[in-house]
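Have a look at the structure below, then the notes.
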Amino acid sequence: MTRPPGTLVRNTTFARINHWITAGCFVLLVLSGLSMFHPMLYFLSQLFGGGQWARAVHPWIGTVLTVSYLGLIVQFWRENLWTRDDTAWMRAIGRVLANREEGVPELERFNAGQKFVFWFMALLVPVLFFTGLLIWEVYFGSATSIETQRIAVLIHSLAAIAAIIIWITHVYAAIWVRGSVRSMTQGYVTPAWAWRHHRKWLRRLIASGSPGPTTDTRR
Amino acid sequence: MSDLTSQNYIRISASTLTPPSTRRHEDQVAKLIDTSRCIGCKACQAACMEWNDLRQEIGRFEGSYDNPSDLSPSVWTLMRFSEWEDEKGKLEWLIRKDGCMHCEDPGCLKACPAPGAIVQYANGIVDFISENCIGCGYCVKGCPFDIPRISKADHKSYKCTLCSDRVAVGLEPACVKACPTGAIMFGAKTDMQDWAGERVADLKSRGFEHAGLYDPPGVGGTHVMYVLHHADQPSIYAGLPDAPRISPLVALWKGVVKPLSIFGIALAALAGFFHWIVEGPNEVGPEDEAKARELTGAGEKSR
């Protein structure tokens with residue numbers, strides 16, 4: 001990807017591919033999962049070739065997503081560790097939501113909202129995977145007791161709904177904060193964007209002379 | 001079973017609409033299985049296999065008279081044999097014909113996510129309409145009696161249909177037809193309850209003081225009922241549930257969780273939309289650009 005001169009690398013090519021594999025799987029899981037959750041959404045199963053196909057393909061997509069999300073965890077966990085800045089930023093969340101970011105604490109690469117999304121998904125994805133295995137009728141239908149599967153299917157539904165709500169927040173935030181979508185499609189942001197949203201990160205990059213998390217040393 | 005019936009539906013799985021109801025005066029039917037008259041001959045099993053054209057693969061001897069060893073997609077009814085000793089040490093051989101109980105409040109139907117894959121007719125029979133079944137196994141979780149079995153061959157769920165095809169044309173189920181001792185009776189549910197009353201009175205007169213009718217109210221009653229000599233402890237009959245009901249976990253999952261979740265998702269989407277309407281996008285302004293230029297310039301100089 002050609003990056004305009006003077007811009008900063010926000011997400012590496014690998015991270016972007018990893019993110020969009022996860023995102024694609026997630027969307028397919030939401031569509032097939034909701035079709036089996038609420039009768040009024042059963043029509044969504046037609047997108048997969050009917051109810052039998054939606055039922056059959058859902059766990060496989062879930063398996064791919066789990067592996068893919070593990071990749072994101074490996075790449076992003078360190079920069080998502082909670083800091084004092086995040087606590088201070090959360091206190092100023094009202095100003096952030098009102099688009100008045102003056103006086104809001106300076107941040108490193110991720111803000112508290114992004115960290116919430118990351119850690120909640122880091123919890124929910126494994127929960128969905130393991131409860132999903134228990135109710136994967138074709139392979140594990142007789143591996144556990146029916147009562148265990150009743151608990152698993154309830155937890156699976158609740159965790160899925162929580163993940164969907166977090167996902168809506170994540171997508172909306174990306175649309176709301178202009179420049180974020182490009183940071184995950186083309187991978188770069190402008191220094192002005194970094195100044196506005198991740199000032200500490202910008203200062204660190206400038207101090208180290210790095211254009212961002214990349215092997216590309218061109219500034 | 002295929003959806004070729006001329007009977008009314010009163011319940012349809014995964015449907016938010018009221019089923020159409022054109023015919024009236026359909027009697028509620030019931031099968032009555034009198035365990036005290038059963039001799040364990042398995043004629044009912046053979047008749048079920050014959051009428052429904054089911055052939056289970058030959059299995060292995062499991063140390064019990066139960067043969068095959070469990071219900072399966074091709075075993076819709078099964079004699080279960082239990083050796084039981086009362087408190088005085090007297091041995092009794094309890095034989096129960098297991099299969100779908102055709103609950104008035106069917107847990108399988110409540111749990112099913114595929115519209116029209118499970119239906120209940122006005123006569124009370126609960127039937128699986130296989131072409132609509134998606135093989136998810138939710139009916140297994142919904143059932144309080146552990147009855148439905150998912151086929152590995154076609155990924156569809158199977159169980160006793162109460163011979164809905166025979167009943168629709170005025171015949172009794174195949175097992176009833178074959179039973180040589182009259183241990184299996186079929187007719188209007190009220191008639192079966194009356195008949196059971198006579199049987200229970202007879203059993204009591206012969207010393208079975210806890211004899212009774214098994215028509216569990218936890219599932220709204222069933223359209224397959226048992227006369228038990230020990231109705232105070234149904235579980236001695238190969239684990240017949242003492243007080244069956246739809247699991248509260250299933251009730252929660254298919255009850256409040258469903259609408260609340262859709263509401264929560266809609267709320268999140270609406271919150272985003274209205275935030276956009278009220279506050280609009282968070283955009284980089286000229287002052288951010290000026291500051292950034294200042295900083296990057298300073299950065300370059302210090303290097």
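A note on labels: chains of the structure tokens are A, B, ... as shown, every chain counts residues from 1, and ligands are counted from 1 in their shown order.
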
Residues of chain A near chain B: apply a cut-off of 7 Å, count only C-alpha atoms, and supply the list as a ChimeraX atom specification. /A:36-39,51-52,55,98-99,137,146,149-151,154,161,165,168,172,176-178,191-193,195-196,206-207

Got a sec: who's within 9 Å of Asn11 (chain A), counting only C-alpha atoms, leaving out chain neighbours fewer than 4 positions off, as a PyMOL selection string? chain A and resi 15-16+183-188+212-214

Quick one: DSSP alpha helix (DSSP H) residues in region 13-47 of chain A, as number ranges by chain? A: 13-35

Output file for the residues above (C-alpha atoms, as a tab-separated table (two decimals), in the first residue's frame):
chain	number	residue	atom	x	y	z
A	13	THR	CA	-0.64	-4.80	6.44
A	14	PHE	CA	-0.63	-8.01	8.48
A	15	ALA	CA	-2.76	-6.45	11.21
A	16	ARG	CA	-5.24	-5.14	8.64
A	17	ILE	CA	-5.62	-8.51	6.91
A	18	ASN	CA	-5.98	-10.15	10.31
A	19	HIS	CA	-8.60	-7.57	11.33
A	20	TRP	CA	-10.69	-7.97	8.18
A	21	ILE	CA	-10.67	-11.77	8.32
A	22	THR	CA	-12.00	-11.42	11.86
A	23	ALA	CA	-14.53	-8.79	10.79
A	24	GLY	CA	-15.80	-10.83	7.84
A	25	CYS	CA	-16.21	-13.91	10.03
A	26	PHE	CA	-17.97	-11.84	12.67
A	27	VAL	CA	-20.53	-10.45	10.24
A	28	LEU	CA	-21.25	-13.94	8.86
A	29	LEU	CA	-21.56	-15.29	12.41
A	30	VAL	CA	-23.98	-12.54	13.38
A	31	LEU	CA	-26.16	-13.22	10.34
A	32	SER	CA	-26.20	-17.01	10.67
A	33	GLY	CA	-26.38	-16.90	14.47
A	34	LEU	CA	-29.29	-14.47	14.62
A	35	SER	CA	-31.16	-16.58	12.07

Measure the distance from CA of Leu8 (chain A) to CA of Gly113 (chain A) in Å and round it to one decimal. 21.4 Å

In Å to one decimal, how far is CA of Gly99 (chain B) from CA of Thr77 (chain B)? 4.7 Å

One number please: CA of His170 (chain A) to CA of Trp82 (chain A), in Å, one decimal.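 Computed distance, CA of His170 (chain A) to CA of Trp82 (chain A), equals 18.1 Å.
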
Using only C-alpha atoms, which of the listed residues (B:Val224, B:Cys100, B:Leu32, B:Leu171) sits closest to Cys139 (chain B)?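 Of the candidates, the smallest distance to Cys139 (chain B) is held by B:Cys100.
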
12 Å contact set for Tyr65 (chain B), only C-alpha atoms, chain neighbours under 3 positions out, as a ChimeraX atom specification: /B:40-42,60-62,68-70,78-83,93-96

Hey, can you spit out that residue selection with C-alpha atoms as a CSV table (one decimal), in the first residue's frame?
chain,number,residue,atom,x,y,z
B,40,GLY,CA,-42.3,-56.9,27.4
B,41,CYS,CA,-42.9,-58.8,24.2
B,42,LYS,CA,-41.7,-55.8,22.0
B,60,ARG,CA,-24.1,-55.2,20.7
B,61,PHE,CA,-25.4,-57.0,23.7
B,62,GLU,CA,-25.3,-54.5,26.6
B,68,PRO,CA,-31.7,-51.8,20.8
B,69,SER,CA,-29.9,-50.1,23.7
B,70,ASP,CA,-31.3,-46.7,23.2
B,78,LEU,CA,-38.2,-48.8,23.0
B,79,MET,CA,-39.0,-51.2,25.8
B,80,ARG,CA,-36.9,-50.3,28.8
B,81,PHE,CA,-36.5,-53.0,31.5
B,82,SER,CA,-35.7,-52.2,35.1
B,83,GLU,CA,-35.1,-54.6,38.0
B,93,TRP,CA,-39.5,-56.3,36.8
B,94,LEU,CA,-40.7,-53.0,35.6
B,95,ILE,CA,-41.1,-52.6,31.8
B,96,ARG,CA,-41.8,-49.2,30.3
